[in-house]
file model15.csv (CSV, C-alpha atoms)
chain,number,residue,atom,x,y,z
A,6,MET,CA,0.0,0.0,0.0
A,7,THR,CA,1.5,3.3,-1.0
A,8,GLU,CA,1.3,6.4,1.2
A,9,LYS,CA,-0.9,8.1,-1.3
A,10,GLN,CA,-3.5,5.4,-1.2
A,11,ALA,CA,-3.5,5.3,2.6
A,12,LEU,CA,-4.7,8.9,2.7
A,13,ASP,CA,-7.8,8.7,0.7
A,14,ARG,CA,-8.6,5.0,1.4
A,15,VAL,CA,-11.8,4.3,3.3
A,16,GLU,CA,-12.5,0.9,4.7
A,17,ILE,CA,-16.0,-0.3,5.6
A,18,ARG,CA,-17.0,-3.6,7.2
A,19,LEU,CA,-20.6,-4.8,7.2
A,20,ALA,CA,-21.2,-7.8,9.4
A,21,GLY,CA,-24.1,-9.9,10.7
A,22,GLU,CA,-25.8,-13.2,10.2
A,23,GLY,CA,-26.6,-15.0,7.0
A,24,GLY,CA,-29.9,-13.9,5.6
A,25,GLN,CA,-29.5,-10.3,6.7
A,26,GLY,CA,-28.2,-9.3,3.3
A,27,MET,CA,-24.8,-7.9,4.4
A,28,ILE,CA,-23.1,-9.3,1.2
A,29,LEU,CA,-25.6,-7.6,-1.0
A,30,ALA,CA,-25.2,-4.4,1.0
A,31,GLY,CA,-21.5,-4.6,0.3
A,32,ILE,CA,-22.0,-5.0,-3.4
A,33,ILE,CA,-24.5,-2.1,-3.5
A,34,LEU,CA,-22.0,0.2,-1.6
A,35,ALA,CA,-19.2,-0.7,-3.9
A,36,GLU,CA,-21.3,-0.1,-7.0
A,37,ALA,CA,-22.4,3.2,-5.6
A,38,ALA,CA,-18.8,4.2,-5.2
A,39,ALA,CA,-17.6,2.9,-8.5
A,40,ILE,CA,-20.4,3.1,-11.0
A,41,TYR,CA,-22.2,6.3,-9.7
A,42,ASP,CA,-19.5,8.2,-7.8
A,43,GLY,CA,-16.7,7.4,-10.2
A,44,LYS,CA,-14.2,6.1,-7.6
A,45,TYR,CA,-12.4,2.8,-7.3
A,46,ALA,CA,-13.9,0.2,-5.0
A,47,ILE,CA,-13.1,-3.4,-4.0
A,48,GLN,CA,-15.6,-5.5,-2.2
A,49,THR,CA,-14.5,-8.7,-0.5
A,50,GLN,CA,-16.1,-11.6,1.3
A,51,SER,CA,-13.9,-14.1,3.2
A,52,TYR,CA,-15.5,-17.3,4.3
A,53,GLY,CA,-13.9,-19.5,6.9
A,54,PRO,CA,-15.3,-21.9,9.4
A,55,GLU,CA,-17.6,-19.2,10.8
A,56,ALA,CA,-19.5,-19.2,7.6
A,57,ARG,CA,-20.8,-22.6,8.5
A,58,GLY,CA,-22.0,-21.1,11.7
A,59,GLY,CA,-24.1,-18.5,9.8
A,60,ALA,CA,-21.9,-15.5,10.2
A,61,SER,CA,-21.7,-13.1,7.2
A,62,LYS,CA,-19.4,-10.3,6.5
A,63,ALA,CA,-18.7,-7.9,3.6
A,64,GLU,CA,-15.8,-5.6,3.3
A,65,VAL,CA,-15.6,-2.6,1.0
A,66,VAL,CA,-12.6,-0.4,0.3
A,67,ILE,CA,-13.1,2.8,-1.6
A,68,ALA,CA,-10.5,5.2,-2.9
A,69,GLN,CA,-10.0,7.9,-5.5
A,70,GLY,CA,-7.3,5.8,-7.2
A,71,GLU,CA,-6.4,2.1,-7.7
A,72,ILE,CA,-6.5,0.0,-4.6
A,73,ASP,CA,-3.5,-2.3,-3.9
A,74,TYR,CA,-4.6,-4.1,-0.8
A,75,PRO,CA,-8.2,-5.2,-1.0
A,76,GLU,CA,-8.9,-6.2,2.6
A,77,VAL,CA,-10.0,-4.1,5.5
A,78,ILE,CA,-7.3,-3.7,8.2
A,79,PHE,CA,-8.8,-1.1,10.6
A,80,ALA,CA,-12.3,-0.1,9.6
A,81,ASP,CA,-13.3,3.5,9.2
A,82,ALA,CA,-16.8,2.3,9.8
A,83,LEU,CA,-18.3,-0.9,11.0
A,84,VAL,CA,-22.0,-1.8,10.8
A,85,ALA,CA,-22.7,-4.7,13.2
A,86,MET,CA,-26.0,-6.4,12.9
A,87,SER,CA,-25.4,-9.2,15.4
A,88,GLN,CA,-23.7,-9.6,18.8
A,89,GLU,CA,-21.2,-11.9,17.3
A,90,ALA,CA,-20.3,-9.4,14.6
A,91,TYR,CA,-19.9,-6.7,17.2
A,92,ASP,CA,-17.7,-8.8,19.4
A,93,LYS,CA,-15.5,-9.9,16.6
A,94,TYR,CA,-15.0,-6.7,14.7
A,95,ALA,CA,-15.5,-3.8,17.1
A,96,PRO,CA,-11.9,-4.0,18.2
A,97,ASN,CA,-10.8,-3.4,14.6
A,98,VAL,CA,-12.5,-0.1,14.1
A,99,LYS,CA,-10.3,3.0,14.0
A,100,LYS,CA,-10.5,5.3,17.0
A,101,THR,CA,-11.8,8.0,14.7
A,102,GLY,CA,-14.1,5.5,13.0
A,103,TYR,CA,-17.9,4.9,13.2
A,104,LEU,CA,-19.3,1.9,15.0
A,105,ILE,CA,-22.9,1.6,14.0
A,106,ILE,CA,-25.0,-1.2,15.6
A,107,ASP,CA,-28.5,-2.5,15.4
A,108,ASP,CA,-29.2,-1.9,19.0
A,109,GLU,CA,-31.9,-4.6,19.2
A,110,LYS,CA,-29.5,-7.2,17.9
A,111,VAL,CA,-26.4,-6.1,19.7
A,112,VAL,CA,-27.2,-6.1,23.4
A,113,ARG,CA,-23.7,-5.7,24.9
A,114,ALA,CA,-21.7,-2.9,23.3
A,115,LEU,CA,-19.2,-1.2,25.5
A,116,SER,CA,-17.2,0.8,23.1
A,117,PRO,CA,-17.5,4.6,23.5
A,118,ASN,CA,-19.0,6.4,20.5
A,119,VAL,CA,-21.2,3.5,19.5
A,120,VAL,CA,-24.0,4.7,17.3
A,121,ARG,CA,-27.2,2.9,18.3
A,122,VAL,CA,-30.0,2.6,15.7
A,123,PRO,CA,-32.8,0.1,15.8
A,124,ILE,CA,-32.0,-0.8,12.1
A,125,THR,CA,-34.1,-3.9,11.7
A,126,ARG,CA,-37.1,-2.3,13.6
A,127,LEU,CA,-36.9,0.7,11.3
A,128,ALA,CA,-37.0,-1.7,8.3
A,129,VAL,CA,-40.1,-3.4,9.6
A,130,ASP,CA,-41.8,-0.2,10.5
A,131,THR,CA,-41.1,1.4,7.2
A,132,THR,CA,-41.5,-1.5,4.7
A,133,LYS,CA,-43.1,-4.3,6.8
A,134,LYS,CA,-40.1,-6.4,5.8
A,135,ALA,CA,-37.1,-7.2,8.0
A,136,ILE,CA,-35.1,-8.1,4.8
A,137,THR,CA,-34.8,-4.4,4.0
A,138,ALA,CA,-32.7,-3.9,7.1
A,139,ASN,CA,-29.6,-4.0,5.0
A,140,VAL,CA,-30.8,-1.0,3.0
A,141,VAL,CA,-31.7,0.9,6.1
A,142,ALA,CA,-28.2,0.1,7.3
A,143,LEU,CA,-26.7,1.6,4.1
A,144,GLY,CA,-28.8,4.7,4.7
A,145,VAL,CA,-27.5,5.1,8.2
A,146,LEU,CA,-23.9,4.5,7.1
A,147,VAL,CA,-24.0,6.9,4.2
A,148,GLY,CA,-26.0,9.5,6.1
A,149,LEU,CA,-23.4,9.5,8.9
A,150,THR,CA,-20.2,9.1,7.0
A,151,GLY,CA,-20.8,10.5,3.5
A,152,VAL,CA,-18.6,7.7,2.2
A,153,VAL,CA,-20.6,7.8,-1.0
A,154,SER,CA,-23.1,10.4,-2.2
A,155,HIS,CA,-26.7,10.1,-1.3
A,156,GLN,CA,-27.5,10.1,-5.0
A,157,ALA,CA,-25.1,7.3,-5.8
A,158,ILE,CA,-26.4,5.0,-3.0
A,159,GLU,CA,-29.9,5.6,-4.1
A,160,LYS,CA,-29.1,4.7,-7.7
A,161,ALA,CA,-27.2,1.7,-6.6
A,162,VAL,CA,-30.0,0.5,-4.3
A,163,THR,CA,-32.6,1.0,-7.0
A,164,ALA,CA,-30.5,-0.8,-9.6
A,165,ARG,CA,-30.1,-3.9,-7.4
A,166,ALA,CA,-33.7,-3.9,-6.1
A,167,PRO,CA,-35.7,-6.8,-7.4
A,168,LYS,CA,-38.4,-5.6,-9.9
A,169,GLY,CA,-41.3,-4.1,-8.2
A,170,THR,CA,-39.5,-3.5,-4.9
A,171,GLU,CA,-37.7,-0.3,-6.0
A,172,GLU,CA,-40.0,2.0,-4.1
A,173,MET,CA,-39.9,-0.1,-0.9
A,174,ASN,CA,-36.1,-0.1,-1.0
A,175,ARG,CA,-35.9,3.6,-1.5
A,176,ALA,CA,-38.2,4.1,1.5
A,177,ALA,CA,-35.9,1.9,3.6
A,178,LEU,CA,-32.9,3.9,2.4
A,179,SER,CA,-34.6,7.2,3.4
A,180,ALA,CA,-35.5,5.7,6.8
A,181,GLY,CA,-31.7,5.1,7.3
A,182,PHE,CA,-30.9,8.7,6.1
A,183,ASP,CA,-33.4,10.1,8.6
A,184,ALA,CA,-32.0,8.0,11.5
A,185,ALA,CA,-28.5,9.3,10.6
A,186,GLU,CA,-29.8,12.9,10.6
A,187,LYS,CA,-31.3,12.3,14.0
A,188,VAL,CA,-28.1,11.0,15.4
A,189,LEU,CA,-26.1,13.9,14.0
A,190,SER,CA,-28.5,16.5,15.3
A,191,ALA,CA,-28.8,14.9,18.7
A,192,LYS,CA,-25.0,15.1,19.4
A,193,PRO,CA,-23.4,18.0,17.4
A,194,ALA,CA,-20.1,17.0,19.1
A,195,GLY,CA,-20.4,13.7,17.3
A,196,LYS,CA,-20.3,15.3,13.9
A,197,ARG,CA,-16.6,14.5,13.4
A,198,ASN,CA,-14.2,15.7,10.8
A,199,HIS,CA,-14.2,12.5,9.0
A,200,HIS,CA,-13.4,12.2,5.3
B,79,MET,CA,1.6,-16.3,0.2
B,80,THR,CA,3.2,-19.3,1.8
B,81,GLU,CA,4.3,-22.3,-0.2
B,82,LYS,CA,1.7,-24.5,1.4
B,83,GLN,CA,-1.1,-22.2,0.4
B,84,ALA,CA,0.1,-22.0,-3.2
B,85,LEU,CA,-0.3,-25.8,-3.5
B,86,ASP,CA,-4.0,-26.2,-2.8
B,87,ARG,CA,-5.0,-22.7,-3.8
B,88,VAL,CA,-7.5,-22.5,-6.7
B,89,GLU,CA,-8.2,-19.2,-8.4
B,90,ILE,CA,-11.3,-18.7,-10.5
B,91,ARG,CA,-12.3,-15.6,-12.4
B,92,LEU,CA,-15.9,-15.0,-13.8
B,93,ALA,CA,-16.2,-12.1,-16.1
B,94,GLY,CA,-18.8,-10.6,-18.4
B,95,GLU,CA,-21.1,-7.7,-18.6
B,96,GLY,CA,-23.3,-6.1,-15.9
B,97,GLY,CA,-26.6,-7.9,-15.8
B,98,GLN,CA,-25.2,-11.3,-16.5
B,99,GLY,CA,-25.0,-12.2,-12.8
B,100,MET,CA,-21.3,-12.8,-12.6
B,101,ILE,CA,-21.0,-11.3,-9.1
B,102,LEU,CA,-23.8,-13.5,-7.8
B,103,ALA,CA,-22.1,-16.5,-9.5
B,104,GLY,CA,-19.0,-15.7,-7.6
B,105,ILE,CA,-20.8,-15.5,-4.3
B,106,ILE,CA,-22.6,-18.8,-5.0
B,107,LEU,CA,-19.3,-20.5,-5.8
B,108,ALA,CA,-17.6,-19.2,-2.7
B,109,GLU,CA,-20.5,-20.2,-0.5
B,110,ALA,CA,-20.5,-23.7,-2.1
B,111,ALA,CA,-16.8,-24.0,-1.2
B,112,ALA,CA,-17.1,-22.6,2.3
B,113,ILE,CA,-20.5,-23.4,3.6
B,114,TYR,CA,-21.1,-26.8,1.9
B,115,ASP,CA,-17.6,-28.2,1.1
B,116,GLY,CA,-16.0,-26.9,4.3
B,117,LYS,CA,-13.1,-25.1,2.7
B,118,TYR,CA,-11.9,-21.5,2.9
B,119,ALA,CA,-13.0,-19.1,0.2
B,120,ILE,CA,-12.5,-15.5,-0.6
B,121,GLN,CA,-14.6,-13.7,-3.2
B,122,THR,CA,-13.7,-10.3,-4.5
B,123,GLN,CA,-15.0,-7.7,-6.9
B,124,SER,CA,-12.8,-4.8,-7.9
B,125,TYR,CA,-14.5,-2.0,-9.7
B,126,GLY,CA,-12.5,0.6,-11.6
B,127,PRO,CA,-13.4,2.8,-14.5
B,128,GLU,CA,-14.5,-0.2,-16.6
B,129,ALA,CA,-17.4,-0.7,-14.2
B,130,ARG,CA,-18.9,2.4,-15.6
B,131,GLY,CA,-18.6,0.8,-19.0
B,132,GLY,CA,-20.7,-2.1,-17.8
B,133,ALA,CA,-18.0,-4.7,-17.3
B,134,SER,CA,-18.4,-7.1,-14.4
B,135,LYS,CA,-16.0,-9.4,-12.8
B,136,ALA,CA,-15.9,-11.7,-9.9
B,137,GLU,CA,-12.9,-13.5,-8.4
B,138,VAL,CA,-13.0,-16.5,-6.1
B,139,VAL,CA,-10.0,-18.1,-4.4
B,140,ILE,CA,-10.6,-21.5,-2.7
B,141,ALA,CA,-8.2,-23.4,-0.4
B,142,GLN,CA,-8.2,-26.0,2.3
B,143,GLY,CA,-6.7,-23.5,4.7
B,144,GLU,CA,-6.7,-19.8,5.3
B,145,ILE,CA,-6.1,-17.6,2.4
B,146,ASP,CA,-3.5,-14.8,2.7
B,147,TYR,CA,-3.8,-13.1,-0.6
B,148,PRO,CA,-7.3,-12.7,-1.8
B,149,GLU,CA,-7.0,-11.8,-5.4
B,150,VAL,CA,-6.6,-13.9,-8.5
B,151,ILE,CA,-3.1,-13.7,-10.0
B,152,PHE,CA,-3.1,-16.4,-12.7
B,153,ALA,CA,-6.5,-18.1,-12.9
B,154,ASP,CA,-6.9,-21.9,-12.8
B,155,ALA,CA,-10.2,-21.2,-14.6
B,156,LEU,CA,-11.8,-18.3,-16.4
B,157,VAL,CA,-15.4,-18.1,-17.5
B,158,ALA,CA,-15.7,-15.4,-20.1
B,159,MET,CA,-19.2,-14.3,-21.0
B,160,SER,CA,-18.2,-11.3,-23.2
B,161,GLN,CA,-15.6,-10.5,-25.8
B,162,GLU,CA,-14.2,-7.8,-23.6
B,163,ALA,CA,-13.9,-10.3,-20.7
B,164,TYR,CA,-12.1,-12.7,-22.9
B,165,ASP,CA,-9.7,-10.2,-24.3
B,166,LYS,CA,-8.9,-8.8,-20.9
B,167,TYR,CA,-8.5,-11.9,-18.8
B,168,ALA,CA,-7.6,-14.8,-21.2
B,169,PRO,CA,-3.9,-13.9,-21.0
B,170,ASN,CA,-4.0,-14.4,-17.2
B,171,VAL,CA,-5.1,-18.0,-17.3
B,172,LYS,CA,-2.5,-20.6,-16.3
B,173,LYS,CA,-1.3,-22.8,-19.1
B,174,THR,CA,-2.9,-25.8,-17.4
B,175,GLY,CA,-6.0,-23.8,-16.6
B,176,TYR,CA,-9.5,-23.9,-18.1
B,177,LEU,CA,-10.7,-21.2,-20.4
B,178,ILE,CA,-14.5,-21.5,-20.7
B,179,ILE,CA,-16.3,-19.2,-23.1
B,180,ASP,CA,-19.8,-18.5,-24.0
B,181,ASP,CA,-19.2,-19.1,-27.7
B,182,GLU,CA,-22.1,-17.0,-28.9
B,183,LYS,CA,-20.8,-14.0,-26.9
B,184,VAL,CA,-17.1,-14.4,-27.5
B,185,VAL,CA,-16.5,-14.5,-31.2
B,186,ARG,CA,-12.7,-14.1,-31.4
B,187,ALA,CA,-11.0,-16.6,-29.1
B,188,LEU,CA,-7.6,-17.7,-30.3
B,189,SER,CA,-6.2,-19.4,-27.3
B,190,PRO,CA,-5.6,-23.2,-27.6
B,191,ASN,CA,-7.7,-25.3,-25.3
B,192,VAL,CA,-10.6,-22.9,-25.2
B,193,VAL,CA,-13.8,-24.7,-24.1
B,194,ARG,CA,-16.7,-23.4,-26.1
B,195,VAL,CA,-20.2,-23.8,-24.7
B,196,PRO,CA,-23.2,-21.8,-25.8
B,197,ILE,CA,-23.9,-20.9,-22.2
B,198,THR,CA,-26.6,-18.3,-22.7
B,199,ARG,CA,-28.4,-20.3,-25.3
B,200,LEU,CA,-28.5,-23.3,-23.0
B,201,ALA,CA,-29.9,-21.1,-20.3
B,202,VAL,CA,-32.7,-19.9,-22.7
B,203,ASP,CA,-33.3,-23.3,-24.1
B,204,THR,CA,-33.6,-24.8,-20.6
B,205,THR,CA,-35.3,-22.2,-18.5
B,206,LYS,CA,-36.6,-19.6,-21.1
B,207,LYS,CA,-34.6,-17.0,-19.2
B,208,ALA,CA,-31.2,-15.7,-20.2
B,209,ILE,CA,-30.6,-14.6,-16.6
B,210,THR,CA,-29.9,-18.2,-15.6
B,211,ALA,CA,-26.8,-18.2,-17.8
B,212,ASN,CA,-24.7,-17.5,-14.7
B,213,VAL,CA,-26.0,-20.7,-13.2
B,214,VAL,CA,-25.4,-22.7,-16.4
B,215,ALA,CA,-21.9,-21.3,-16.3
B,216,LEU,CA,-21.4,-22.5,-12.8
B,217,GLY,CA,-22.5,-26.0,-13.9
B,218,VAL,CA,-20.0,-26.0,-16.8
B,219,LEU,CA,-17.2,-24.8,-14.5
B,220,VAL,CA,-17.9,-27.2,-11.7
B,221,GLY,CA,-18.6,-30.1,-14.1
B,222,LEU,CA,-15.2,-29.6,-15.8
B,223,THR,CA,-13.0,-28.7,-12.9
B,224,GLY,CA,-14.5,-30.2,-9.8
B,225,VAL,CA,-13.4,-27.1,-7.9
B,226,VAL,CA,-16.4,-27.7,-5.6
B,227,SER,CA,-18.6,-30.8,-5.3
B,228,HIS,CA,-21.7,-31.1,-7.4
B,229,GLN,CA,-23.7,-31.4,-4.2
B,230,ALA,CA,-22.2,-28.2,-2.7
B,231,ILE,CA,-22.9,-26.1,-5.8
B,232,GLU,CA,-26.4,-27.4,-6.0
B,233,LYS,CA,-27.1,-26.5,-2.4
B,234,ALA,CA,-25.5,-23.1,-2.8
B,235,VAL,CA,-27.5,-22.3,-6.0
B,236,THR,CA,-30.7,-23.4,-4.3
B,237,ALA,CA,-30.0,-21.3,-1.2
B,238,ARG,CA,-29.5,-18.2,-3.3
B,239,ALA,CA,-32.3,-18.7,-5.8
B,240,PRO,CA,-35.2,-16.3,-5.3
B,241,LYS,CA,-38.2,-18.1,-3.9
B,242,GLY,CA,-40.1,-20.0,-6.5
B,243,THR,CA,-37.1,-20.2,-8.9
B,244,GLU,CA,-35.3,-23.0,-7.2
B,245,GLU,CA,-36.4,-25.7,-9.7
B,246,MET,CA,-35.5,-23.5,-12.6
B,247,ASN,CA,-32.1,-22.8,-11.3
B,248,ARG,CA,-31.4,-26.4,-10.6
B,249,ALA,CA,-32.4,-27.2,-14.2
B,250,ALA,CA,-29.9,-24.5,-15.4
B,251,LEU,CA,-27.2,-26.0,-13.3
B,252,SER,CA,-27.9,-29.5,-14.7
B,253,ALA,CA,-27.7,-28.1,-18.2
B,254,GLY,CA,-24.3,-26.8,-17.3
B,255,PHE,CA,-23.2,-30.2,-15.9
B,256,ASP,CA,-24.5,-31.9,-19.0
B,257,ALA,CA,-22.6,-29.6,-21.3
B,258,ALA,CA,-19.4,-30.2,-19.3
B,259,GLU,CA,-19.9,-34.0,-19.6
B,260,LYS,CA,-20.3,-33.6,-23.3
B,261,VAL,CA,-17.0,-31.7,-23.5
B,262,LEU,CA,-15.2,-34.2,-21.4
B,263,SER,CA,-16.5,-37.2,-23.4
B,264,ALA,CA,-15.8,-35.5,-26.7
B,265,LYS,CA,-12.1,-35.1,-26.0
B,266,PRO,CA,-10.8,-37.7,-23.5
B,267,ALA,CA,-7.4,-36.2,-23.9
B,268,GLY,CA,-8.9,-33.0,-22.6
B,269,LYS,CA,-9.7,-34.6,-19.3
B,270,ARG,CA,-6.8,-33.2,-17.4
B,271,ASN,CA,-5.4,-34.1,-14.1
B,272,HIS,CA,-6.5,-30.9,-12.6
B,273,HIS,CA,-7.6,-30.7,-8.9
call {"tool": "encode", "arguments": {"input": "model15.csv", "output": "C-alpha cells"}}
result
Amino acid sequence: MTEKQALDRVEIRLAGEGGQGMILAGIILAEAAAIYDGKYAIQTQSYGPEARGGASKAEVVIAQGEIDYPEVIFADALVAMSQEAYDKYAPNVKKTGYLIIDDEKVVRALSPNVVRVPITRLAVDTTKKAITANVVALGVLVGLTGVVSHQAIEKAVTARAPKGTEEMNRAALSAGFDAAEKVLSAKPAGKRNHH
Amino acid sequence: MTEKQALDRVEIRLAGEGGQGMILAGIILAEAAAIYDGKYAIQTQSYGPEARGGASKAEVVIAQGEIDYPEVIFADALVAMSQEAYDKYAPNVKKTGYLIIDDEKVVRALSPNVVRVPITRLAVDTTKKAITANVVALGVLVGLTGVVSHQAIEKAVTARAPKGTEEMNRAALSAGFDAAEKVLSAKPAGKRNHH
C-alpha cells in the first residue's frame, strides 16, 4: 500500500448473520462508489469456518485511485447487525471511526462512541419487511459518513432492487438517512471531521 | 503467500457484462466451497473505470486452509461471458487452466484449449430465461474442474435462488453439468489431471 493510497482510502465492514443481506449491501455500496461516484472500489467476502455457523461479513474499500490491498485492516466504519459481529469486529475499528450497531440485535456494546440505531425495527416499521434492514443500514452508514453520495447510493440500491421493490427499498434507504440525521442533530459534538 | 497455500489454492475468475450475474455466481461459488464443502473461500470484486462501461468481474479463491492473498493472479479457470472479458483476462489463465467461453458472446478466441459452450443459449433453451446463464456457467465450470462438489454447488445455487425459482435454477445447473460431460467425453485427452 502506498502512502498516497492510505490517505484517501476508506475501509468499511458490514457484518451480521446469513440472511441479513450484508453481502448484497457490500455490493451495493461498492457499486455506488464505482459506478455512480466514479471512484475505485473493492468488495470482498472471506468465508472461513464461521460461515458454516451462519456469520456473514462484507468488506468494501473505496479510494480515488487504484487499490492495492483489498482487505479491511482497521475499519473507518463498522455496521454490526449481530452480537457476534460486534464482538468480533468492534476491536478493529479506528478510534476515529464509526461503530454503528443495530441496538436490538447487539445487546452488549461497551465501546465509547457506539451509534445505536434500531435498524431492523426501522426496516419493519417502514416496509413491513425485515429483509430491507440491509438497505436501512446503508442509509445510516452513508448518512453518517458520506462515504458515497446520497444520489449514488440511491441509484445503486434501485439498480439492485428486485423488480417491483424499488419504491420499498428507496423508502428503507430514506429511513436510514433520517435515522442518521437524528443521530447527527442529537449530538453535534459527534459530527466528526471524517473524510 | 506461503508455499503451502500455493499448492492447494485454486483461483477462479468469472467475467462478463453487468446484468449477466457474474457477481452472484462468484458469491454462490464461494458459498459452495465454504459453507457446503467446508473449505476456505474469498470472493472479490474490484471496480474501476471499466465498471462504468458495464464490465463485471468476480474472483474466487478457494483453499483448504486460510487464504493470505485474496486476489486472482493467474487463474486456474476463467469463465468469459463477453468478448471484452475474454480479451482482458484470457492472458492471465494458467497454461494448465481452463478457459471457458460462451461461444455466442465471445466471437474471437484464439487461445488453444478454449472450451466453447453456448452458455446463454443453453440457459434460454432450458429455462426460457437468459438470466440463468450465470448458473449454467457454474454448472459447466464445476462439471469440468470439480473445484467444488456437485452437491455443494447445487445447495448453494438453491439457497441463493429467489423463492419459487429453485427448480428453474437447478435445471440450469444441470444443463451446465451436461454440457461439461459432453465436452469431457468429446475429447478424452482434454480430461486433465486438474484438482
call {"tool": "residues_near_point", "arguments": {"input": "model15.csv", "point": "(-17.3, -20.1, -22.1)", "cutoff": "8 Å", "atoms": "all atoms listed in the file", "output": "PDB file with C-alpha atoms, keeping the file's coordinate frame"}}
result
ATOM      1  CA  VAL B 157     -15.400 -18.100 -17.500  1.00  0.00           C
ATOM      2  CA  ALA B 158     -15.700 -15.400 -20.100  1.00  0.00           C
ATOM      3  CA  MET B 159     -19.200 -14.300 -21.000  1.00  0.00           C
ATOM      4  CA  LEU B 177     -10.700 -21.200 -20.400  1.00  0.00           C
ATOM      5  CA  ILE B 178     -14.500 -21.500 -20.700  1.00  0.00           C
ATOM      6  CA  ILE B 179     -16.300 -19.200 -23.100  1.00  0.00           C
ATOM      7  CA  ASP B 180     -19.800 -18.500 -24.000  1.00  0.00           C
ATOM      8  CA  ASP B 181     -19.200 -19.100 -27.700  1.00  0.00           C
ATOM      9  CA  VAL B 184     -17.100 -14.400 -27.500  1.00  0.00           C
ATOM     10  CA  VAL B 192     -10.600 -22.900 -25.200  1.00  0.00           C
ATOM     11  CA  VAL B 193     -13.800 -24.700 -24.100  1.00  0.00           C
ATOM     12  CA  ARG B 194     -16.700 -23.400 -26.100  1.00  0.00           C
ATOM     13  CA  VAL B 195     -20.200 -23.800 -24.700  1.00  0.00           C
ATOM     14  CA  PRO B 196     -23.200 -21.800 -25.800  1.00  0.00           C
ATOM     15  CA  ILE B 197     -23.900 -20.900 -22.200  1.00  0.00           C
ATOM     16  CA  ALA B 215     -21.900 -21.300 -16.300  1.00  0.00           C
TER      17      ALA B 215
END
call {"tool": "interface_residues", "arguments": {"input": "model15.csv", "of": "chain A", "to": "chain B", "cutoff": "6 Å", "atoms": "only C-alpha atoms", "output": "number ranges by chain"}}
result
A: 39-40, 45-53, 56-57
call {"tool": "residues_around", "arguments": {"input": "model15.csv", "residues": "B:Tyr176", "least_positions_apart": "6", "cutoff": "12 Å", "atoms": "all atoms listed in the file", "output": "number ranges by chain"}}
result
B: 88-92, 152-158, 168-170, 189-194, 218-225, 258, 268-273
call {"tool": "atom_distance", "arguments": {"input": "model15.csv", "atom1": "atom CA of B:Gly242", "atom2": "atom CA of A:Leu127"}}
result
27.5 Å
call {"tool": "closest_residue", "arguments": {"input": "model15.csv", "among": "A:Gln88, A:Thr163, A:Thr170, A:Ser61", "to": "A:Lys110", "atoms": "all atoms listed in the file"}}
result
A:Gln88
call {"tool": "atom_distance", "arguments": {"input": "model15.csv", "atom1": "atom CA of B:Leu251", "atom2": "atom CA of A:Ala161"}}
result
28.5 Å
call {"tool": "residues_near_point", "arguments": {"input": "model15.csv", "point": "(-36.1, -24.8, -9.8)", "cutoff": "12 Å", "atoms": "only C-alpha atoms", "output": "list in words"}}
result
Thr204, Thr205, Thr210, Val213, Glu232, Lys233, Val235, Thr236, Ala237, Arg238, Ala239, Pro240, Lys241, Gly242, Thr243, Glu244, Glu245, Met246, Asn247, Arg248, Ala249, Ala250, Leu251 and Ser252 of chain B
call {"tool": "axis_aligned_box", "arguments": {"input": "model15.csv", "around": "stretch 234-238 of chain B", "padding_each_side": "6 Å", "output": "JSON"}}
result
{"center_x": -28.1, "center_y": -20.8, "center_z": -3.6, "size_x": 17.2, "size_y": 17.2, "size_z": 16.8}
call {"tool": "atom_distance", "arguments": {"input": "model15.csv", "atom1": "atom CA of A:Ile136", "atom2": "atom CA of B:Lys135"}}
result
26.0 Å
